[in-house]
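Below: structure23.json (JSON, C-alpha atoms and all ligand atoms)
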```json
[["chain", "number", "residue", "atom", "x", "y", "z"],
["A", 1160, "MET", "CA", 20.35, -4.14, -19.84],
["A", 1161, "GLU", "CA", 18.21, -2.49, -22.49],
["A", 1162, "ILE", "CA", 14.47, -2.67, -21.93],
["A", 1163, "PRO", "CA", 11.86, -0.74, -23.90],
["A", 1164, "THR", "CA", 10.54, 2.53, -22.56],
["A", 1165, "LEU", "CA", 6.81, 2.20, -22.09],
["A", 1166, "GLN", "CA", 4.10, 4.81, -22.41],
["A", 1167, "ALA", "CA", 2.27, 3.62, -19.29],
["A", 1168, "VAL", "CA", 2.06, 0.91, -16.65],
["A", 1169, "THR", "CA", -1.09, 0.14, -14.68],
["A", 1170, "VAL", "CA", -1.17, -2.21, -11.70],
["A", 1171, "GLU", "CA", -4.54, -3.41, -10.51],
["A", 1172, "ILE", "CA", -4.52, -5.14, -7.14],
["A", 1173, "LEU", "CA", -6.55, -8.31, -7.58],
["A", 1174, "VAL", "CA", -5.74, -9.92, -4.24],
["A", 1175, "ASP", "CA", -4.03, -8.41, -1.21],
["A", 1176, "ASN", "CA", -4.39, -8.50, 2.56],
["A", 1177, "PHE", "CA", -6.31, -5.24, 2.86],
["A", 1178, "PHE", "CA", -9.47, -3.49, 1.96],
["A", 1179, "ASP", "CA", -10.33, -0.09, 3.44],
["A", 1180, "VAL", "CA", -13.17, 1.90, 1.98],
["A", 1181, "PHE", "CA", -11.74, 5.13, 3.46],
["A", 1182, "GLU", "CA", -8.36, 4.95, 1.72],
["A", 1183, "PRO", "CA", -8.44, 7.86, -0.72],
["A", 1184, "SER", "CA", -7.99, 7.91, -4.49],
["A", 1185, "ARG", "CA", -5.63, 10.29, -6.28],
["A", 1186, "PRO", "CA", -7.08, 11.36, -9.60],
["A", 1187, "GLY", "CA", -5.05, 10.00, -12.49],
["A", 1188, "ILE", "CA", -2.66, 8.12, -10.20],
["A", 1189, "VAL", "CA", -4.53, 5.87, -7.78],
["A", 1190, "GLU", "CA", -8.11, 4.80, -8.33],
["A", 1191, "ARG", "CA", -9.92, 3.04, -5.48],
["A", 1192, "VAL", "CA", -13.06, 1.00, -6.05],
["A", 1193, "ILE", "CA", -16.51, 2.09, -4.93],
["A", 1194, "PRO", "CA", -17.83, -1.04, -3.21],
["A", 1195, "GLY", "CA", -21.51, -0.36, -3.91],
["A", 1196, "ARG", "CA", -20.82, -0.26, -7.64],
["A", 1197, "LEU", "CA", -19.02, -3.61, -7.82],
["A", 1198, "LYS", "CA", -20.54, -6.66, -9.41],
["A", 1199, "LYS", "CA", -19.89, -8.57, -6.16],
["A", 1200, "PRO", "CA", -17.95, -7.91, -2.92],
["A", 1201, "LEU", "CA", -14.16, -8.08, -3.00],
["A", 1202, "LEU", "CA", -12.27, -10.47, -0.74],
["A", 1203, "ALA", "CA", -9.04, -9.55, 1.03],
["A", 1204, "ALA", "CA", -6.77, -12.50, 1.84],
["A", 1205, "HIS", "CA", -3.20, -13.22, 2.92],
["A", 1206, "GLY", "CA", -1.89, -13.51, -0.58],
["A", 1207, "LEU", "CA", -0.96, -11.44, -3.58],
["A", 1208, "ALA", "CA", -2.09, -11.14, -7.18],
["A", 1209, "TYR", "CA", -1.55, -8.12, -9.40],
["A", 1210, "LEU", "CA", -2.78, -7.46, -12.90],
["A", 1211, "VAL", "CA", -0.02, -5.45, -14.55],
["A", 1212, "THR", "CA", -0.85, -3.78, -17.87],
["A", 1213, "LEU", "CA", 2.03, -2.55, -19.99],
["A", 1214, "ASN", "CA", 1.38, 0.02, -22.69],
["A", 1215, "HIS", "CA", 4.03, 0.00, -25.42],
["A", 1216, "ARG", "CA", 3.12, 2.48, -28.16],
["A", 1217, "GLY", "CA", -0.56, 1.73, -27.68],
["A", 1218, "LYS", "CA", -0.17, -2.06, -27.63],
["A", 1219, "LEU", "CA", -1.39, -3.42, -24.29],
["A", 1220, "SER", "CA", 0.08, -6.53, -22.64],
["A", 1221, "ARG", "CA", -1.45, -7.93, -19.46],
["A", 1222, "ILE", "CA", 0.59, -9.85, -16.92],
["A", 1223, "LEU", "CA", -0.72, -11.72, -13.91],
["A", 1224, "MET", "CA", 1.96, -11.27, -11.28],
["A", 1225, "ASP", "CA", 1.36, -13.94, -8.63],
["A", 1226, "ALA", "CA", -1.81, -15.95, -8.27],
["A", 1227, "ALA", "CA", -3.00, -15.34, -4.69],
["A", 1228, "ASN", "CA", -3.07, -17.86, -1.85],
["A", 1229, "ALA", "CA", -6.09, -19.77, -3.12],
["A", 1230, "PRO", "CA", -8.50, -19.86, -6.05],
["A", 1231, "LEU", "CA", -11.37, -18.39, -3.98],
["A", 1232, "PRO", "CA", -10.16, -14.77, -3.61],
["A", 1233, "LEU", "CA", -8.52, -14.79, -7.05],
["A", 1234, "PHE", "CA", -11.63, -15.81, -9.00],
["A", 1235, "ASN", "CA", -14.02, -13.87, -6.78],
["A", 1236, "ASN", "CA", -12.06, -10.67, -7.32],
["A", 1237, "LEU", "CA", -11.43, -11.22, -11.03],
["A", 1238, "GLU", "CA", -15.20, -11.48, -11.40],
["A", 1239, "ALA", "CA", -15.91, -8.50, -9.12],
["A", 1240, "LEU", "CA", -13.48, -6.37, -11.13],
["A", 1241, "GLU", "CA", -14.87, -7.73, -14.40],
["A", 1242, "HIS", "CA", -11.75, -9.40, -15.72],
["A", 1243, "ASP", "CA", -11.60, -12.63, -17.66],
["A", 1244, "VAL", "CA", -8.77, -15.18, -17.37],
["A", 1245, "ASP", "CA", -8.36, -15.17, -21.15],
["A", 1246, "GLU", "CA", -7.46, -11.48, -21.32],
["A", 1247, "ILE", "CA", -4.14, -12.21, -19.57],
["A", 1248, "ASP", "CA", -1.07, -12.65, -21.80],
["A", 1249, "ALA", "CA", 1.54, -13.98, -19.35],
["A", 1250, "VAL", "CA", 2.08, -15.04, -15.74],
["A", 1251, "VAL", "CA", 5.00, -14.00, -13.54],
["A", 1252, "LEU", "CA", 5.70, -15.65, -10.19],
["A", 1253, "SER", "CA", 7.60, -13.45, -7.71],
["A", 1254, "HIS", "CA", 8.91, -16.36, -5.58],
["A", 1255, "GLY", "CA", 8.04, -19.85, -4.45],
["A", 1256, "HIS", "CA", 5.76, -19.18, -1.46],
["A", 1257, "PRO", "CA", 2.24, -20.61, -1.65],
["A", 1258, "ASP", "CA", 0.44, -17.35, -0.84],
["A", 1259, "HIS", "CA", 1.65, -16.29, -4.31],
["A", 1260, "TYR", "CA", 0.77, -19.39, -6.34],
["A", 1261, "GLY", "CA", -2.25, -20.84, -4.49],
["A", 1262, "GLY", "CA", -4.62, -20.14, -7.39],
["A", 1263, "LEU", "CA", -2.15, -20.75, -10.22],
["A", 1264, "PHE", "CA", -3.23, -24.17, -11.44],
["A", 1265, "GLU", "CA", -6.93, -23.32, -11.29],
["A", 1266, "PHE", "CA", -6.17, -20.13, -13.23],
["A", 1267, "LEU", "CA", -4.31, -22.11, -15.90],
["A", 1268, "GLY", "CA", -7.10, -24.72, -15.99],
["A", 1269, "LYS", "CA", -9.78, -22.11, -16.65],
["A", 1270, "ARG", "CA", -8.03, -20.57, -19.62],
["A", 1271, "THR", "CA", -8.92, -21.49, -23.13],
["A", 1272, "GLY", "CA", -6.66, -21.07, -26.16],
["A", 1273, "GLY", "CA", -2.95, -21.71, -26.54],
["A", 1274, "PRO", "CA", -0.18, -22.08, -23.97],
["A", 1275, "ILE", "CA", 0.44, -19.02, -21.84],
["A", 1276, "PRO", "CA", 4.01, -17.91, -21.06],
["A", 1277, "VAL", "CA", 4.85, -18.43, -17.36],
["A", 1278, "TYR", "CA", 7.98, -16.74, -16.03],
["A", 1279, "LEU", "CA", 9.61, -17.89, -12.80],
["A", 1280, "HIS", "CA", 12.98, -18.49, -11.17],
["A", 1281, "LYS", "CA", 14.41, -22.02, -11.45],
["A", 1282, "GLU", "CA", 14.55, -22.38, -7.66],
["A", 1283, "VAL", "CA", 10.84, -21.74, -6.94],
["A", 1284, "PHE", "CA", 10.34, -25.51, -7.11],
["A", 1285, "LEU", "CA", 12.44, -26.26, -4.02],
["A", 1286, "PRO", "CA", 10.42, -27.20, -0.90],
["A", 1287, "LYS", "CA", 9.80, -24.23, 1.39],
["A", 1288, "ILE", "CA", 9.41, -24.37, 5.18],
["A", 1289, "LEU", "CA", 8.46, -21.75, 7.75],
["A", 1290, "ILE", "CA", 9.36, -21.85, 11.44],
["A", 1291, "THR", "CA", 6.74, -20.01, 13.49],
["A", 1292, "PRO", "CA", 6.28, -19.50, 17.25],
["A", 1293, "ARG", "CA", 3.59, -22.16, 16.93],
["A", 1294, "GLY", "CA", 5.75, -24.68, 15.14],
["A", 1295, "ARG", "CA", 6.92, -25.66, 11.69],
["A", 1296, "ILE", "CA", 4.75, -25.18, 8.64],
["A", 1297, "GLY", "CA", 5.29, -26.84, 5.31],
["A", 1298, "PRO", "CA", 7.06, -28.06, 3.32],
["A", 1299, "TRP", "CA", 5.21, -26.46, 0.45],
["A", 1300, "VAL", "CA", 6.19, -27.51, -3.03],
["A", 1301, "LEU", "CA", 5.23, -26.01, -6.33],
["A", 1302, "GLU", "CA", 5.37, -29.00, -8.65],
["A", 1303, "LEU", "CA", 7.26, -28.51, -11.91],
["A", 1304, "ASP", "CA", 5.58, -31.62, -13.39],
["A", 1305, "GLN", "CA", 2.14, -30.17, -12.70],
["A", 1306, "LEU", "CA", 3.12, -26.94, -14.43],
["A", 1307, "VAL", "CA", 4.47, -28.82, -17.45],
["A", 1308, "ALA", "CA", 1.29, -30.92, -17.53],
["A", 1309, "ALA", "CA", -0.76, -27.69, -17.58],
["A", 1310, "GLY", "CA", 0.78, -27.04, -21.00],
["A", 1311, "VAL", "CA", 2.35, -23.66, -20.27],
["A", 1312, "GLU", "CA", 5.20, -22.03, -22.15],
["A", 1313, "LEU", "CA", 7.73, -22.10, -19.32],
["A", 1314, "TYR", "CA", 10.49, -19.50, -18.93],
["A", 1315, "GLU", "CA", 12.80, -20.41, -16.04],
["A", 1316, "ASN", "CA", 15.47, -17.89, -15.20],
["A", 1317, "GLN", "CA", 18.23, -17.25, -12.70],
["A", 1318, "GLY", "CA", 19.56, -13.99, -14.03],
["A", 1319, "PRO", "CA", 17.67, -11.06, -15.59],
["A", 1320, "GLN", "CA", 14.90, -12.05, -17.99],
["A", 1321, "LEU", "CA", 12.72, -10.01, -20.31],
["A", 1322, "VAL", "CA", 8.97, -10.55, -19.96],
["A", 1323, "LEU", "CA", 7.06, -10.31, -23.26],
["A", 1324, "ASP", "CA", 10.02, -8.20, -24.47],
["A", 1325, "GLN", "CA", 8.63, -5.25, -22.52],
["A", 1326, "ALA", "CA", 9.43, -5.56, -18.83],
["A", 1327, "LEU", "CA", 12.25, -7.08, -16.84],
["A", 1328, "LEU", "CA", 12.38, -9.76, -14.21],
["A", 1329, "THR", "CA", 15.49, -9.13, -12.15],
["A", 1330, "GLY", "CA", 16.48, -12.74, -11.46],
["A", 1331, "THR", "CA", 18.27, -13.36, -8.15],
["A", 1332, "VAL", "CA", 18.57, -10.00, -6.45],
["A", 1333, "GLU", "CA", 22.02, -8.65, -5.76],
["A", 1334, "THR", "CA", 22.01, -7.56, -2.14],
["A", 1335, "THR", "CA", 23.91, -4.40, -1.34],
["A", 1336, "THR", "CA", 22.38, -2.97, 1.85],
["A", 1337, "ASP", "CA", 23.75, -4.12, 5.20],
["A", 1338, "TYR", "CA", 20.42, -4.07, 7.04],
["A", 1339, "GLU", "CA", 18.20, -6.22, 4.83],
["A", 1340, "LYS", "CA", 18.97, -9.74, 6.03],
["A", 1341, "PRO", "CA", 16.77, -12.77, 5.33],
["A", 1342, "LEU", "CA", 15.00, -13.99, 8.48],
["A", 1343, "PRO", "CA", 16.20, -17.35, 9.87],
["A", 1344, "SER", "CA", 12.59, -18.54, 10.18],
["A", 1345, "PHE", "CA", 12.46, -19.11, 6.43],
["A", 1346, "ARG", "CA", 13.91, -22.47, 5.36],
["A", 1347, "ARG", "CA", 14.08, -24.53, 2.20],
["A", 1348, "LYS", "CA", 15.29, -27.97, 1.18],
["A", 1349, "VAL", "CA", 18.04, -28.43, -1.38],
["A", 1350, "ALA", "CA", 18.81, -32.03, -2.42],
["A", 1351, "GLY", "CA", 17.04, -33.23, 0.73],
["A", 1352, "GLN", "CA", 19.07, -30.99, 3.07],
["A", 1353, "GLU", "CA", 17.33, -28.23, 4.96],
["A", 1354, "GLU", "CA", 18.98, -24.80, 4.96],
["A", 1355, "GLN", "CA", 18.12, -21.18, 5.61],
["A", 1356, "ASP", "CA", 16.26, -19.69, 2.67],
["A", 1357, "LEU", "CA", 18.17, -16.69, 1.33],
["A", 1358, "PHE", "CA", 15.55, -16.28, -1.40],
["A", 1359, "PRO", "CA", 17.59, -16.53, -4.58],
["A", 1360, "ASP", "CA", 14.21, -17.35, -6.19],
["A", 1361, "GLU", "CA", 12.64, -13.97, -5.43],
["A", 1362, "GLN", "CA", 12.68, -11.36, -8.14],
["A", 1363, "ALA", "CA", 11.07, -8.02, -8.89],
["A", 1364, "LEU", "CA", 9.13, -7.11, -12.01],
["A", 1365, "VAL", "CA", 10.56, -3.88, -13.41],
["A", 1366, "ALA", "CA", 9.33, -1.55, -16.11],
["A", 1367, "VAL", "CA", 10.54, 1.82, -17.40],
["A", 1368, "VAL", "CA", 7.98, 4.52, -18.18],
["A", 1369, "GLU", "CA", 8.79, 7.44, -20.46],
["A", 1370, "GLY", "CA", 9.74, 10.51, -18.43],
["A", 1371, "ARG", "CA", 8.78, 8.85, -15.15],
["A", 1372, "GLY", "CA", 11.45, 6.23, -14.58],
["A", 1373, "LEU", "CA", 11.24, 2.87, -12.87],
["A", 1374, "VAL", "CA", 8.25, 0.91, -11.73],
["A", 1375, "VAL", "CA", 9.47, -1.81, -9.33],
["A", 1376, "ILE", "CA", 6.99, -4.43, -8.18],
["A", 1377, "GLY", "CA", 7.91, -6.96, -5.50],
["A", 1378, "GLY", "CA", 6.04, -9.95, -4.12],
["A", 1379, "CYS", "CA", 7.13, -10.45, -0.51],
["A", 1380, "SER", "CA", 10.46, -8.60, -1.04],
["A", 1381, "HIS", "CA", 12.28, -11.11, 1.16],
["A", 1382, "PRO", "CA", 15.70, -9.99, -0.24],
["A", 1383, "GLY", "CA", 14.76, -6.45, 0.91],
["A", 1384, "ILE", "CA", 12.77, -3.89, -1.02],
["A", 1385, "VAL", "CA", 15.65, -1.39, -1.08],
["A", 1386, "ASN", "CA", 18.00, -4.07, -2.44],
["A", 1387, "MET", "CA", 15.44, -4.88, -5.11],
["A", 1388, "VAL", "CA", 15.05, -1.28, -6.26],
["A", 1389, "LYS", "CA", 18.81, -0.65, -6.23],
["A", 1390, "TYR", "CA", 19.32, -3.77, -8.31],
["A", 1391, "ALA", "CA", 16.63, -2.64, -10.76],
["A", 1392, "GLN", "CA", 18.51, 0.68, -11.08],
["A", 1393, "LYS", "CA", 21.76, -1.16, -11.75],
["A", 1394, "LEU", "CA", 20.26, -3.50, -14.34],
["A", 1395, "THR", "CA", 18.42, -0.82, -16.29],
["A", 1396, "GLY", "CA", 20.77, 2.13, -15.80],
["A", 1397, "VAL", "CA", 17.67, 4.17, -14.90],
["A", 1398, "GLN", "CA", 17.98, 5.96, -11.55],
["A", 1399, "LYS", "CA", 14.70, 7.84, -11.32],
["A", 1400, "VAL", "CA", 12.04, 5.85, -9.46],
["A", 1401, "SER", "CA", 8.37, 6.40, -10.04],
["A", 1402, "LEU", "CA", 6.57, 3.60, -8.20],
["A", 1403, "ILE", "CA", 7.65, 1.01, -5.63],
["A", 1404, "MET", "CA", 4.99, -1.48, -4.70],
["A", 1405, "GLY", "CA", 4.52, -4.90, -3.13],
["A", 1406, "GLY", "CA", 4.61, -6.68, 0.14],
["A", 1407, "PHE", "CA", 7.71, -5.45, 1.98],
["A", 1408, "HIS", "CA", 7.86, -8.05, 4.77],
["A", 1409, "LEU", "CA", 9.11, -5.55, 7.35],
["A", 1410, "THR", "CA", 7.26, -5.96, 10.66],
["A", 1411, "PRO", "CA", 8.73, -9.42, 11.45],
["A", 1412, "GLY", "CA", 12.23, -7.96, 10.96],
["A", 1413, "GLY", "CA", 11.77, -5.49, 13.83],
["A", 1414, "ASP", "CA", 11.98, -1.73, 14.31],
["A", 1415, "GLU", "CA", 15.64, -1.37, 13.27],
["A", 1416, "LEU", "CA", 14.91, -2.94, 9.88],
["A", 1417, "ILE", "CA", 11.86, -0.71, 9.46],
["A", 1418, "LYS", "CA", 13.89, 2.40, 10.35],
["A", 1419, "HIS", "CA", 16.74, 1.61, 7.95],
["A", 1420, "THR", "CA", 14.36, 0.62, 5.16],
["A", 1421, "ILE", "CA", 12.50, 3.91, 5.50],
["A", 1422, "GLN", "CA", 15.82, 5.74, 5.23],
["A", 1423, "GLY", "CA", 16.76, 3.64, 2.19],
["A", 1424, "LEU", "CA", 13.42, 4.38, 0.53],
["A", 1425, "LYS", "CA", 13.87, 8.10, 1.22],
["A", 1426, "GLU", "CA", 17.22, 8.01, -0.58],
["A", 1427, "LEU", "CA", 15.57, 6.30, -3.58],
["A", 1428, "ASP", "CA", 13.06, 9.18, -3.60],
["A", 1429, "PRO", "CA", 10.15, 7.47, -5.40],
["A", 1430, "GLU", "CA", 7.09, 9.39, -6.49],
["A", 1431, "LEU", "CA", 4.82, 6.81, -4.82],
["A", 1432, "ILE", "CA", 5.20, 3.86, -2.45],
["A", 1433, "MET", "CA", 2.27, 1.44, -2.36],
["A", 1434, "ALA", "CA", 2.79, -1.31, 0.23],
["A", 1435, "GLY", "CA", 0.56, -4.07, 1.48],
["A", 1436, "HIS", "CA", 0.44, -7.84, 1.79],
["A", 1437, "CYS", "CA", 3.22, -8.98, 4.19],
["A", 1438, "THR", "CA", 4.49, -5.51, 5.12],
["A", 1439, "GLY", "CA", 2.74, -5.76, 8.49],
["A", 1440, "PHE", "CA", 0.56, -3.19, 10.23],
["A", 1441, "ARG", "CA", 3.33, -1.77, 12.43],
["A", 1442, "ALA", "CA", 5.60, -1.10, 9.44],
["A", 1443, "LEU", "CA", 2.71, 0.33, 7.42],
["A", 1444, "THR", "CA", 1.97, 2.86, 10.16],
["A", 1445, "LYS", "CA", 5.63, 3.93, 10.31],
["A", 1446, "LEU", "CA", 5.79, 4.24, 6.51],
["A", 1447, "ALA", "CA", 2.63, 6.34, 6.58],
["A", 1448, "VAL", "CA", 4.25, 8.72, 9.08],
["A", 1449, "ALA", "CA", 7.60, 8.83, 7.24],
["A", 1450, "PHE", "CA", 6.03, 9.49, 3.82],
["A", 1451, "PRO", "CA", 2.97, 11.66, 4.48],
["A", 1452, "ASP", "CA", 2.61, 12.68, 0.84],
["A", 1453, "ASN", "CA", 3.68, 9.66, -1.19],
["A", 1454, "PHE", "CA", 2.82, 6.50, 0.70],
["A", 1455, "MET", "CA", -0.41, 4.55, 0.31],
["A", 1456, "VAL", "CA", -1.67, 1.21, 1.58],
["A", 1457, "SER", "CA", -2.44, -1.22, -1.18],
["A", 1458, "CYS", "CA", -6.00, -2.51, -1.07],
["A", 1459, "VAL", "CA", -7.82, -5.03, -3.24],
["A", 1460, "GLY", "CA", -9.41, -3.42, -6.26],
["A", 1461, "THR", "CA", -7.05, -0.43, -6.31],
["A", 1462, "LYS", "CA", -5.59, 0.61, -9.64],
["A", 1463, "VAL", "CA", -2.22, 2.43, -9.74],
["A", 1464, "MET", "CA", -1.38, 4.26, -12.94],
["A", 1465, "VAL", "CA", 2.05, 5.44, -14.05],
["A", 1466, "VAL", "CA", 1.57, 7.40, -17.24],
["A", 1467, "GLY", "CA", 4.49, 8.69, -19.25],
["A", 1468, "GLY", "CA", 4.91, 12.13, -20.60],
["A", 1501, "FE", "FE", 3.78, -13.41, 0.63],
["A", 1502, "FE", "FE", 6.98, -14.93, 0.76]]
```
Would you encode the structure as structure tokens?
Ligand SMILES: [Fe+2]
Ligand SMILES: [Fe+2]
Amino acid sequence: MEIPTLQAVTVEILVDNFFDVFEPSRPGIVERVIPGRLKKPLLAAHGLAYLVTLNHRGKLSRILMDAANAPLPLFNNLEALEHDVDEIDAVVLSHGHPDHYGGLFEFLGKRTGGPIPVYLHKEVFLPKILITPRGRIGPWVLELDQLVAAGVELYENQGPQLVLDQALLTGTVETTTDYEKPLPSFRRKVAGQEEQDLFPDEQALVAVVEGRGLVVIGGCSHPGIVNMVKYAQKLTGVQKVSLIMGGFHLTPGGDELIKHTIQGLKELDPELIMAGHCTGFRALTKLAVAFPDNFMVSCVGTKVMVVGG
């Protein structure tokens, strides 16, 4: 599938699970915030929101990918990082879990001006359930009616979908690895019947940067981050991988999954891996050991820049 080659992609982490003042910057690649210089303190929370800026021949498009777990961290951090809701051109939802859409309706309500394009998979609206050692949680439902009532320009997809004609949403991820299996603790309801959630609704946001290759951004990466990157390679025909980022949801899958995923990521040979959110501390530590030179923990306020050339 043909997608435009961009001059640069910047991802600013608006909401994520982590903040660590000692995580280093890398000049021109990763810029961490200096807390004392912020307008107000940043909040870390179990949720995800990225501000993705695409540069196509100097024209900038800003995408909000996911909307955190609640309005509080989203609006606090937008203000701390001096962003306005009206500077955002489109919204992308990675999948239908509430830690990714908890601030969505409040975000839409605060905007002024015309309808904003919202891109999501058709199946994000199905009720989601989680089985935990402490019992069942959910169902959570993202209401389609509420989204329609918010007056958005809705783009529902199942297969690959262009976002603002510049980036690609993968649609349902084709799974090709034998070690990335959805966990049985995730459930959903289809026509009133409960079943294991295989996450057909989860998709990666993919961009191609001139001379650098793929940028692949996942939400929770429930279908497996290696599957997601391989599918992005297949869809775009671009093999070189510049940046892989997102929550990787690895620790709950156990040490074998972590080991195989690290091997899979090594074979993909990205320039930088930036993981956070639901990756889990144990998996983050193993990734840090496995990739001493090109792994970083994603923290709120961090800006990752992939510049072509
Ligand atoms: Fe998540
Ligand atoms: Fe999730």
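Pairwise distance (CA of Ala1309 in chain A, CA of Gly1273 in chain A) equals 11.0 Å.
Closest approach to Gly1423 in chain A from the set A:Gln1352, A:Ser1253, A:Asn1386, A:Ser1344 is made by A:Asn1386, with distances taken over all atoms listed in the file.
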ask   = Mind listing the residues within 10 Å of ligand FE 1501 (chain A), all atoms listed in the file counted, as JSON, numbers by chain?
value = {"A": [1175, 1176, 1205, 1206, 1207, 1225, 1227, 1228, 1253, 1254, 1255, 1256, 1257, 1258, 1259, 1260, 1377, 1378, 1379, 1380, 1381, 1405, 1406, 1407, 1408, 1435, 1436, 1437, 1438]}
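If all atoms listed in the file are the atoms counted, then among A:Gly1370, A:Val1463, A:Glu1415, A:Gln1362 the closest residue to ligand FE 1502 (chain A) is A:Gln1362.
Using only C-alpha atoms for every distance, the candidate list A:Lys1425, A:His1419, A:Lys1218, A:His1280 yields A:His1280 as the residue closest to Ala1363 in chain A.
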I'd like the neighbourhood of Thr1169 in chain A as a PDB file with C-alpha atoms, in the coordinates of the input, where a residue qualifies if any of its atoms comes within 10 Å (using all atoms listed in the file), though same-chain residues fewer than 2 positions away should be ignored.
```
ATOM      1  CA  ALA A1167       2.270   3.620 -19.290  1.00  0.00           C
ATOM      2  CA  GLU A1171      -4.540  -3.410 -10.510  1.00  0.00           C
ATOM      3  CA  ILE A1172      -4.520  -5.140  -7.140  1.00  0.00           C
ATOM      4  CA  ILE A1188      -2.660   8.120 -10.200  1.00  0.00           C
ATOM      5  CA  VAL A1189      -4.530   5.870  -7.780  1.00  0.00           C
ATOM      6  CA  TYR A1209      -1.550  -8.120  -9.400  1.00  0.00           C
ATOM      7  CA  LEU A1210      -2.780  -7.460 -12.900  1.00  0.00           C
ATOM      8  CA  VAL A1211      -0.020  -5.450 -14.550  1.00  0.00           C
ATOM      9  CA  THR A1212      -0.850  -3.780 -17.870  1.00  0.00           C
ATOM     10  CA  LEU A1213       2.030  -2.550 -19.990  1.00  0.00           C
ATOM     11  CA  ASN A1214       1.380   0.020 -22.690  1.00  0.00           C
ATOM     12  CA  ARG A1221      -1.450  -7.930 -19.460  1.00  0.00           C
ATOM     13  CA  VAL A1374       8.250   0.910 -11.730  1.00  0.00           C
ATOM     14  CA  LYS A1462      -5.590   0.610  -9.640  1.00  0.00           C
ATOM     15  CA  VAL A1463      -2.220   2.430  -9.740  1.00  0.00           C
ATOM     16  CA  MET A1464      -1.380   4.260 -12.940  1.00  0.00           C
ATOM     17  CA  VAL A1465       2.050   5.440 -14.050  1.00  0.00           C
ATOM     18  CA  VAL A1466       1.570   7.400 -17.240  1.00  0.00           C
TER      19      VAL A1466
END
```
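Residue nearest Ala1239 in chain A, chosen from A:Gly1294, A:Pro1274, A:Gly1460, A:Gly1467 and counting only C-alpha atoms: A:Gly1460.
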key: For Lys1393 in chain A: contacts at 12 Å, all atoms listed in the file, fewer than 4 positions along chain excluded, given as JSON, numbers by chain   = {"A": [1160, 1161, 1319, 1329, 1332, 1333, 1334, 1335, 1365, 1373, 1386, 1387, 1388, 1389, 1397, 1398, 1399]}
How would range 1190-1230 of chain A of the given structure read as a file with C-alpha atoms, as a short mmCIF file (atom, residue, chain, number, x, y, z; two decimals), in the first residue's frame?
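Written output follows (decode19.cif):
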```cif
data_model
loop_
_atom_site.label_atom_id
_atom_site.label_comp_id
_atom_site.auth_asym_id
_atom_site.auth_seq_id
_atom_site.Cartn_x
_atom_site.Cartn_y
_atom_site.Cartn_z
CA GLU A 1190 14.16 15.30 24.24
CA ARG A 1191 13.17 14.91 27.90
CA VAL A 1192 11.44 17.69 29.82
CA ILE A 1193 13.12 19.71 32.54
CA PRO A 1194 10.52 19.61 35.33
CA GLY A 1195 11.50 22.95 36.90
CA ARG A 1196 10.84 24.73 33.61
CA LEU A 1197 7.33 23.36 33.10
CA LYS A 1198 4.24 25.48 33.46
CA LYS A 1199 2.89 22.91 35.95
CA PRO A 1200 3.88 19.39 37.09
CA LEU A 1201 3.25 16.47 34.75
CA LEU A 1202 1.10 13.55 35.83
CA ALA A 1203 1.93 9.93 35.02
CA ALA A 1204 -1.07 7.59 34.87
CA HIS A 1205 -2.00 4.11 33.68
CA GLY A 1206 -3.07 5.26 30.27
CA LEU A 1207 -1.69 6.43 26.97
CA ALA A 1208 -1.91 9.56 24.85
CA TYR A 1209 0.58 10.58 22.18
CA LEU A 1210 0.73 13.73 20.13
CA VAL A 1211 2.07 12.64 16.74
CA THR A 1212 3.21 15.39 14.37
CA LEU A 1213 3.69 14.47 10.73
CA ASN A 1214 5.80 16.71 8.52
CA HIS A 1215 4.98 16.33 4.82
CA ARG A 1216 7.01 18.79 2.76
CA GLY A 1217 6.80 21.36 5.53
CA LYS A 1218 3.06 20.95 6.15
CA LEU A 1219 2.47 19.80 9.73
CA SER A 1220 -0.44 17.56 10.75
CA ARG A 1221 -1.06 16.76 14.41
CA ILE A 1222 -2.72 13.55 15.51
CA LEU A 1223 -3.85 12.66 19.01
CA MET A 1224 -3.25 8.93 19.27
CA ASP A 1225 -5.31 7.70 22.24
CA ALA A 1226 -6.83 9.93 24.88
CA ALA A 1227 -5.46 8.64 28.20
CA ASN A 1228 -7.40 6.88 30.95
CA ALA A 1229 -9.14 10.00 32.23
CA PRO A 1230 -9.47 13.71 31.49
#
```
